[in-house]
Every structure is written in structure tokens, then in C-alpha cells.
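Have a look at run.pdb; it's PDB, C-alpha atoms, pLDDT in the B column:
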```pdb
ATOM      1  CA  MET A   1       2.510  24.161   5.305  1.00 82.00           C
ATOM      2  CA  ASP A   2       2.222  21.890   2.293  1.00 90.00           C
ATOM      3  CA  ILE A   3       4.626  19.260   3.613  1.00 93.00           C
ATOM      4  CA  VAL A   4       2.704  18.880   6.876  1.00 94.00           C
ATOM      5  CA  THR A   5      -0.530  18.333   4.965  1.00 95.00           C
ATOM      6  CA  ALA A   6       1.184  15.966   2.512  1.00 96.00           C
ATOM      7  CA  ARG A   7       2.528  13.911   5.418  1.00 96.00           C
ATOM      8  CA  GLN A   8      -0.967  13.704   6.893  1.00 97.00           C
ATOM      9  CA  LEU A   9      -2.304  12.507   3.551  1.00 97.00           C
ATOM     10  CA  TRP A  10       0.437   9.865   3.422  1.00 97.00           C
ATOM     11  CA  TRP A  11      -0.526   8.702   6.941  1.00 97.00           C
ATOM     12  CA  GLY A  12      -4.056   8.254   5.602  1.00 97.00           C
ATOM     13  CA  VAL A  13      -2.754   6.274   2.614  1.00 97.00           C
ATOM     14  CA  ILE A  14      -0.770   4.006   4.947  1.00 98.00           C
ATOM     15  CA  GLY A  15      -3.724   3.569   7.306  1.00 97.00           C
ATOM     16  CA  LEU A  16      -6.016   2.626   4.437  1.00 97.00           C
ATOM     17  CA  GLY A  17      -3.387   0.208   3.171  1.00 96.00           C
ATOM     18  CA  VAL A  18      -3.282  -1.549   6.539  1.00 97.00           C
ATOM     19  CA  GLY A  19      -7.075  -1.599   6.577  1.00 95.00           C
ATOM     20  CA  ARG A  20      -7.128  -3.151   3.088  1.00 94.00           C
ATOM     21  CA  LEU A  21      -4.638  -5.726   4.293  1.00 94.00           C
ATOM     22  CA  PHE A  22      -6.907  -6.883   7.100  1.00 93.00           C
ATOM     23  CA  VAL A  23     -10.002  -6.810   4.878  1.00 93.00           C
ATOM     24  CA  SER A  24      -8.134  -9.052   2.446  1.00 90.00           C
ATOM     25  CA  LEU A  25      -7.104 -11.376   5.282  1.00 90.00           C
ATOM     26  CA  ALA A  26     -10.675 -11.602   6.558  1.00 90.00           C
ATOM     27  CA  ASP A  27     -11.940 -12.271   3.022  1.00 88.00           C
ATOM     28  CA  THR A  28      -9.340 -14.999   2.521  1.00 85.00           C
ATOM     29  CA  LEU A  29     -10.145 -16.686   5.810  1.00 85.00           C
ATOM     30  CA  THR A  30     -13.898 -16.361   5.280  1.00 87.00           C
ATOM     31  CA  ASN A  31     -13.694 -17.911   1.808  1.00 84.00           C
ATOM     32  CA  ARG A  32     -10.953 -20.335   2.747  1.00 83.00           C
ATOM     33  CA  GLU A  33     -12.697 -23.377   1.288  1.00 84.00           C
ATOM     34  CA  ARG A  34     -13.118 -21.735  -2.118  1.00 84.00           C
ATOM     35  CA  PHE A  35      -9.483 -20.533  -2.184  1.00 82.00           C
ATOM     36  CA  SER A  36      -8.292 -23.957  -1.062  1.00 84.00           C
ATOM     37  CA  ALA A  37     -10.329 -25.726  -3.766  1.00 84.00           C
ATOM     38  CA  GLU A  38      -8.992 -23.430  -6.504  1.00 85.00           C
ATOM     39  CA  PHE A  39      -5.434 -23.757  -5.213  1.00 82.00           C
ATOM     40  CA  ARG A  40      -5.795 -27.533  -4.863  1.00 84.00           C
ATOM     41  CA  GLU A  41      -6.807 -27.846  -8.524  1.00 85.00           C
ATOM     42  CA  ARG A  42      -3.748 -25.909  -9.634  1.00 85.00           C
ATOM     43  CA  MET A  43      -1.388 -27.735  -7.292  1.00 82.00           C
ATOM     44  CA  GLN A  44      -2.676 -31.228  -8.189  1.00 81.00           C
ATOM     45  CA  ALA A  45      -2.046 -30.497 -11.838  1.00 82.00           C
ATOM     46  CA  ALA A  46       1.604 -29.942 -10.949  1.00 82.00           C
ATOM     47  CA  ASP A  47       1.900 -32.557  -8.166  1.00 81.00           C
ATOM     48  CA  PRO A  48      -0.806 -35.246  -7.853  1.00 80.00           C
ATOM     49  CA  GLN A  49       0.568 -36.303  -4.441  1.00 84.00           C
ATOM     50  CA  ILE A  50      -0.477 -33.096  -2.662  1.00 83.00           C
ATOM     51  CA  THR A  51      -3.092 -33.586   0.032  1.00 83.00           C
ATOM     52  CA  PRO A  52      -6.005 -31.302   0.953  1.00 82.00           C
ATOM     53  CA  ALA A  53      -4.421 -30.724   4.379  1.00 85.00           C
ATOM     54  CA  MET A  54      -1.239 -29.493   2.725  1.00 85.00           C
ATOM     55  CA  VAL A  55      -3.238 -27.134   0.518  1.00 83.00           C
ATOM     56  CA  ASP A  56      -5.134 -25.746   3.530  1.00 84.00           C
ATOM     57  CA  LEU A  57      -1.843 -25.211   5.330  1.00 87.00           C
ATOM     58  CA  LEU A  58      -0.359 -23.426   2.311  1.00 86.00           C
ATOM     59  CA  VAL A  59      -3.394 -21.125   2.050  1.00 85.00           C
ATOM     60  CA  THR A  60      -3.160 -20.236   5.749  1.00 86.00           C
ATOM     61  CA  VAL A  61       0.602 -19.702   5.655  1.00 90.00           C
ATOM     62  CA  GLY A  62       0.227 -17.597   2.514  1.00 89.00           C
ATOM     63  CA  ALA A  63      -2.375 -15.374   4.185  1.00 88.00           C
ATOM     64  CA  VAL A  64      -0.234 -14.921   7.305  1.00 90.00           C
ATOM     65  CA  LEU A  65       2.906 -14.199   5.271  1.00 94.00           C
ATOM     66  CA  GLY A  66       0.921 -11.717   3.195  1.00 93.00           C
ATOM     67  CA  VAL A  67      -0.091  -9.843   6.334  1.00 94.00           C
ATOM     68  CA  ILE A  68       3.466  -9.860   7.681  1.00 96.00           C
ATOM     69  CA  LEU A  69       4.843  -8.591   4.370  1.00 97.00           C
ATOM     70  CA  GLY A  70       2.109  -5.950   4.153  1.00 96.00           C
ATOM     71  CA  LEU A  71       2.834  -4.702   7.671  1.00 97.00           C
ATOM     72  CA  ALA A  72       6.554  -4.568   6.859  1.00 97.00           C
ATOM     73  CA  VAL A  73       5.804  -2.449   3.778  1.00 97.00           C
ATOM     74  CA  ALA A  74       3.586  -0.178   5.904  1.00 97.00           C
ATOM     75  CA  ALA A  75       6.369   0.222   8.484  1.00 98.00           C
ATOM     76  CA  LEU A  76       8.821   1.083   5.719  1.00 98.00           C
ATOM     77  CA  ALA A  77       6.351   3.628   4.338  1.00 97.00           C
ATOM     78  CA  VAL A  78       6.065   5.219   7.785  1.00 97.00           C
ATOM     79  CA  LEU A  79       9.855   5.623   7.880  1.00 98.00           C
ATOM     80  CA  VAL A  80       9.918   7.167   4.405  1.00 97.00           C
ATOM     81  CA  VAL A  81       7.115   9.615   5.296  1.00 97.00           C
ATOM     82  CA  HIS A  82       9.075  10.567   8.421  1.00 96.00           C
ATOM     83  CA  GLN A  83      12.097  11.303   6.246  1.00 96.00           C
ATOM     84  CA  LEU A  84       9.871  13.395   3.964  1.00 95.00           C
ATOM     85  CA  GLY A  85       9.137  15.582   6.962  1.00 93.00           C
ATOM     86  CA  LYS A  86      12.868  16.006   7.521  1.00 93.00           C
ATOM     87  CA  GLY A  87      13.270  17.395   4.010  1.00 91.00           C
ATOM     88  CA  LYS A  88      14.879  14.387   2.340  1.00 93.00           C
ATOM     89  CA  LEU A  89      14.535  14.703  -1.424  1.00 93.00           C
ATOM     90  CA  TRP A  90      14.923  10.947  -1.949  1.00 95.00           C
ATOM     91  CA  ALA A  91      11.833  10.400   0.248  1.00 96.00           C
ATOM     92  CA  ARG A  92       9.798  12.775  -1.897  1.00 96.00           C
ATOM     93  CA  THR A  93      10.980  10.985  -5.046  1.00 96.00           C
ATOM     94  CA  LEU A  94      10.207   7.526  -3.657  1.00 97.00           C
ATOM     95  CA  LEU A  95       6.774   8.598  -2.418  1.00 97.00           C
ATOM     96  CA  THR A  96       6.032  10.232  -5.767  1.00 97.00           C
ATOM     97  CA  PHE A  97       6.716   6.961  -7.599  1.00 97.00           C
ATOM     98  CA  ALA A  98       4.684   4.971  -5.059  1.00 97.00           C
ATOM     99  CA  GLY A  99       1.893   7.534  -5.283  1.00 97.00           C
ATOM    100  CA  VAL A 100       1.735   7.347  -9.075  1.00 97.00           C
ATOM    101  CA  TRP A 101       1.433   3.569  -8.785  1.00 97.00           C
ATOM    102  CA  LEU A 102      -1.377   4.007  -6.220  1.00 96.00           C
ATOM    103  CA  VAL A 103      -3.184   6.474  -8.481  1.00 97.00           C
ATOM    104  CA  ILE A 104      -2.984   4.054 -11.415  1.00 97.00           C
ATOM    105  CA  SER A 105      -4.227   1.221  -9.162  1.00 95.00           C
ATOM    106  CA  GLY A 106      -7.060   3.428  -7.945  1.00 95.00           C
ATOM    107  CA  VAL A 107      -8.161   4.268 -11.470  1.00 95.00           C
ATOM    108  CA  ILE A 108      -8.137   0.571 -12.354  1.00 95.00           C
ATOM    109  CA  ALA A 109     -10.188  -0.166  -9.212  1.00 92.00           C
ATOM    110  CA  LEU A 110     -12.613   2.621 -10.123  1.00 93.00           C
ATOM    111  CA  PHE A 111     -13.385   1.074 -13.488  1.00 93.00           C
ATOM    112  CA  SER A 112     -13.520  -2.502 -12.206  1.00 90.00           C
ATOM    113  CA  ILE A 113     -15.513  -2.006  -8.998  1.00 81.00           C
ATOM    114  CA  GLY A 114     -18.769  -2.978 -10.697  1.00 81.00           C
ATOM    115  CA  VAL A 115     -17.363  -6.350 -11.740  1.00 86.00           C
ATOM    116  CA  VAL A 116     -16.191  -7.617  -8.339  1.00 85.00           C
ATOM    117  CA  GLU A 117     -18.352  -9.750  -6.077  1.00 85.00           C
ATOM    118  CA  GLY A 118     -18.427  -9.864  -2.298  1.00 84.00           C
ATOM    119  CA  ALA A 119     -17.998  -7.310   0.426  1.00 86.00           C
ATOM    120  CA  GLY A 120     -14.236  -7.801   0.836  1.00 86.00           C
ATOM    121  CA  PRO A 121     -13.228  -6.977  -2.741  1.00 88.00           C
ATOM    122  CA  VAL A 122     -15.693  -4.063  -2.889  1.00 90.00           C
ATOM    123  CA  LEU A 123     -14.295  -2.585   0.349  1.00 92.00           C
ATOM    124  CA  SER A 124     -10.761  -3.130  -0.885  1.00 91.00           C
ATOM    125  CA  GLY A 125     -11.560  -1.421  -4.190  1.00 92.00           C
ATOM    126  CA  ALA A 126     -13.211   1.520  -2.457  1.00 93.00           C
ATOM    127  CA  ALA A 127     -10.210   1.909  -0.159  1.00 94.00           C
ATOM    128  CA  SER A 128      -7.926   1.765  -3.198  1.00 95.00           C
ATOM    129  CA  ILE A 129      -9.849   4.627  -4.800  1.00 95.00           C
ATOM    130  CA  VAL A 130      -9.600   6.738  -1.638  1.00 97.00           C
ATOM    131  CA  GLN A 131      -5.892   5.896  -1.379  1.00 97.00           C
ATOM    132  CA  ALA A 132      -5.436   7.114  -4.951  1.00 97.00           C
ATOM    133  CA  VAL A 133      -7.101  10.429  -4.172  1.00 97.00           C
ATOM    134  CA  LEU A 134      -5.012  10.921  -1.010  1.00 98.00           C
ATOM    135  CA  ALA A 135      -1.775   9.936  -2.761  1.00 97.00           C
ATOM    136  CA  GLY A 136      -2.532  12.253  -5.681  1.00 97.00           C
ATOM    137  CA  GLY A 137      -3.112  15.127  -3.268  1.00 97.00           C
ATOM    138  CA  ALA A 138       0.100  14.370  -1.397  1.00 97.00           C
ATOM    139  CA  ILE A 139       2.088  14.272  -4.647  1.00 97.00           C
ATOM    140  CA  PHE A 140       0.597  17.591  -5.714  1.00 96.00           C
ATOM    141  CA  LEU A 141       1.418  19.228  -2.391  1.00 96.00           C
ATOM    142  CA  CYS A 142       5.001  17.941  -2.419  1.00 94.00           C
ATOM    143  CA  GLN A 143       5.618  19.349  -5.917  1.00 94.00           C
ATOM    144  CA  ARG A 144       4.378  22.878  -5.241  1.00 93.00           C
ATOM    145  CA  PRO A 145       6.986  25.669  -5.345  1.00 91.00           C
ATOM    146  CA  GLU A 146       6.541  26.444  -1.638  1.00 89.00           C
ATOM    147  CA  ALA A 147       7.128  22.786  -0.782  1.00 89.00           C
ATOM    148  CA  ALA A 148      10.117  22.541  -3.120  1.00 87.00           C
ATOM    149  CA  LYS A 149      11.958  25.020  -0.889  1.00 87.00           C
ATOM    150  CA  TRP A 150      11.652  22.500   1.941  1.00 89.00           C
ATOM    151  CA  PHE A 151      13.892  20.083   0.069  1.00 87.00           C
ATOM    152  CA  LEU A 152      16.680  22.545  -0.785  1.00 85.00           C
ATOM    153  CA  PRO A 153      19.981  21.752   0.922  1.00 80.00           C
ATOM    154  CA  ARG A 154      20.846  24.098   3.733  1.00 72.00           C
ATOM    155  CA  GLY A 155      24.229  25.186   4.901  1.00 63.00           C
ATOM    156  CA  PRO A 156      25.563  24.392   8.369  1.00 67.00           C
ATOM    157  CA  GLY A 157      24.711  27.849   9.686  1.00 53.00           C
ATOM    158  CA  ALA A 158      21.379  28.311   7.937  1.00 50.00           C
ATOM    159  CA  PRO A 159      18.371  29.033  10.133  1.00 44.00           C
ATOM    160  CA  GLY A 160      15.950  26.151  10.414  1.00 46.00           C
ATOM    161  CA  ASN A 161      18.606  23.551   9.583  1.00 46.00           C
ATOM    162  CA  ARG A 162      17.176  20.089  10.080  1.00 50.00           C
TER
END
```

Go through the file and emit its structure as C-alpha cells.
Amino acid sequence: MDIVTARQLWWGVIGLGVGRLFVSLADTLTNRERFSAEFRERMQAADPQITPAMVDLLVTVGAVLGVILGLAVAALAVLVVHQLGKGKLWARTLLTFAGVWLVISGVIALFSIGVVEGAGPVLSGAASIVQAVLAGGAIFLCQRPEAAKWFLPRGPGAPGNR
């Protein structure tokens, strides 16, 4: 059925998103000195009293908070995909909007992949392109007429009531 396949595509999108999250974390920690130097320049323009140790701490805390936030978003996406499988129309709508955003991000990544430097950004861009393809397929499958029947409200005595 279309909804089963769409859910599987969404699991792939979520998995790639978590993978991108950890690639970004590894890239940040690998290039920590460069990020710290750039951040230090910006911060010292605003506050000359800031120390290099404070900047390093802020970079590390920012990376950790980014991972925590990213995992929270992934967990929320898992819950929404689960509700999609239960026939919730709001889940299909929310995933459609998120999917359109992912497709737009993937197209942007496709045209900018030749400009990025380093393995981390290239891997992240490639994953973004694959996410866009999977999300586009999931959106298409959820909008098909056969799938639309899945989201129709059912009466209390209807067979297959979820």
C-alpha cells in the first residue's frame, strides 16, 4: 500500500537526518579551532572581554545543544510518521510541508555541492539531496487517490476502523 511505502521513505528521511546531524557534529569538532577563531572574532567585536576559553566552551555547548535539538526533532518526526500510519490527516499535512521544505533544501544543495569544501559538508549535501528525493516520493505516495482513502474519517462501526 502507498502509505506503508511512504512511511518507509519517511523513516529513511529521518535516518539520513540523524546521520547528517552526526556528520555535522564530527565536522564541527574536527574543525573546532577554525570555528572557534571565527566565532572569537565576531564575539570580540561585541565584547572585548571574552576569553578564548569562553569561546571554546560556547562552540562545544553549541554543538552539543545542536545535536540534542536535532535528536528531539527526529523523535518528533518519528511520532508524526507513526500518526501518518494511523490515518491522521494532520500528520500527512505536516509531513507534506516538511517534505516540500526538504525538497527545496535538496535542490539548493544540488546546485551548491560543487562550491563546498571538506568531506563533512559534501556528505551533508549529498544526504540532503537523497533526503529530498525520499521526501518527494513520500509526498507523492501520500497524495495518490488510493492513499487519500486512508485518511477519510470512518464511522464507529466501519470495518478497518483505526

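Going from atom CA of A:Val122 over to atom CA of A:Val18, you cover 15.8 Å.
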
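Remark: for A:Val67, the closest of the candidate residues A:Gly120, A:Gly136, A:Gly19, A:Gly12 is A:Gly19 (distances computed over all atoms listed in the file).
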
(message) Taking the file as I've supplied it (selection: the PyMOL selection byres ((chain A and resi 127) around 10)), which residues are included? Please answer as an MDAnalysis selection string.
(response) chainID A and resid 13 16:17 19:20 106 109 121:126 128:133

Selection result of the PyMOL selection byres ((chain A and resi 3) around 9) on this file, as a compact mmCIF listing (two decimals) with C-alpha atoms, keeping the file's coordinate frame:
```txt
# COMPACT_ATOMS: atom_id res chain seq x y z
CA MET A 1 2.51 24.16 5.30
CA ASP A 2 2.22 21.89 2.29
CA VAL A 4 2.70 18.88 6.88
CA THR A 5 -0.53 18.33 4.96
CA ALA A 6 1.18 15.97 2.51
CA ARG A 7 2.53 13.91 5.42
CA GLN A 8 -0.97 13.70 6.89
CA LEU A 84 9.87 13.40 3.96
CA GLY A 85 9.14 15.58 6.96
CA GLY A 87 13.27 17.40 4.01
CA ALA A 138 0.10 14.37 -1.40
CA LEU A 141 1.42 19.23 -2.39
CA CYS A 142 5.00 17.94 -2.42
CA ALA A 147 7.13 22.79 -0.78
CA TRP A 150 11.65 22.50 1.94
```

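Take the candidates A:Ala119, A:Val64, A:Leu76, A:Ile14 and check each one against A:Asp27 using all atoms listed in the file; the shortest distance goes to A:Ala119.
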
(message) So that I can check the surroundings of stretch 29-41 of chain A, please list as a PyMOL selection string every protein, DNA and RNA residue that reaches within 9 Å of it, counting only C-alpha atoms and ignoring chain neighbours fewer than 6 positions away.
(response) chain A and resi 50-52+55-56+58-60+63

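A straight line drawn from atom CA of A:Thr96 to atom CA of A:Ile139 is 5.8 Å long.
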
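Nearest to A:Ser24 of all the residues A:Val100, A:Gly118, A:Ile113, A:Trp10 is A:Gly118, counting all atoms listed in the file.
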
Let me know the centre plus edge lengths, in Å and rounded to one decimal, of a box with edges along x, y and z that contains all listed atoms of stretch 117-132 of chain A and is padded by 4 Å on every side, as AutoDock Vina command-line options.
```
--center_x -11.9 --center_y -1.4 --center_z -2.6 --size_x 21.0 --size_y 25.0 --size_z 14.9
```

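Counting only C-alpha atoms and comparing A:Ile104, A:Gly99, A:Lys149, A:Gly62, the residue that lies closest to A:Leu134 is A:Gly99.
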
(message) Take the PyMOL selection byres ((chain A and resi 86) around 12), run it mentally on this structure, and tell me the resulting residues as a PyMOL selection string.
(response) chain A and resi 3-4+7+79-85+87-92+150-154+160-162

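Distance check against A:Leu21 using all atoms listed in the file: of A:Ala53, A:Leu110, A:Val116, A:Ala72, the minimum falls on A:Ala72.
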
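Among A:Gly137, A:Pro145, A:Pro48, A:Gly66, the residue with the shortest atom-to-atom distance to A:Leu102, counting only C-alpha atoms, is A:Gly137.
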
(message) What's the separation between atom CA of A:Leu65 and atom CA of A:Val107, in Å to one decimal place?
(response) 27.3 Å
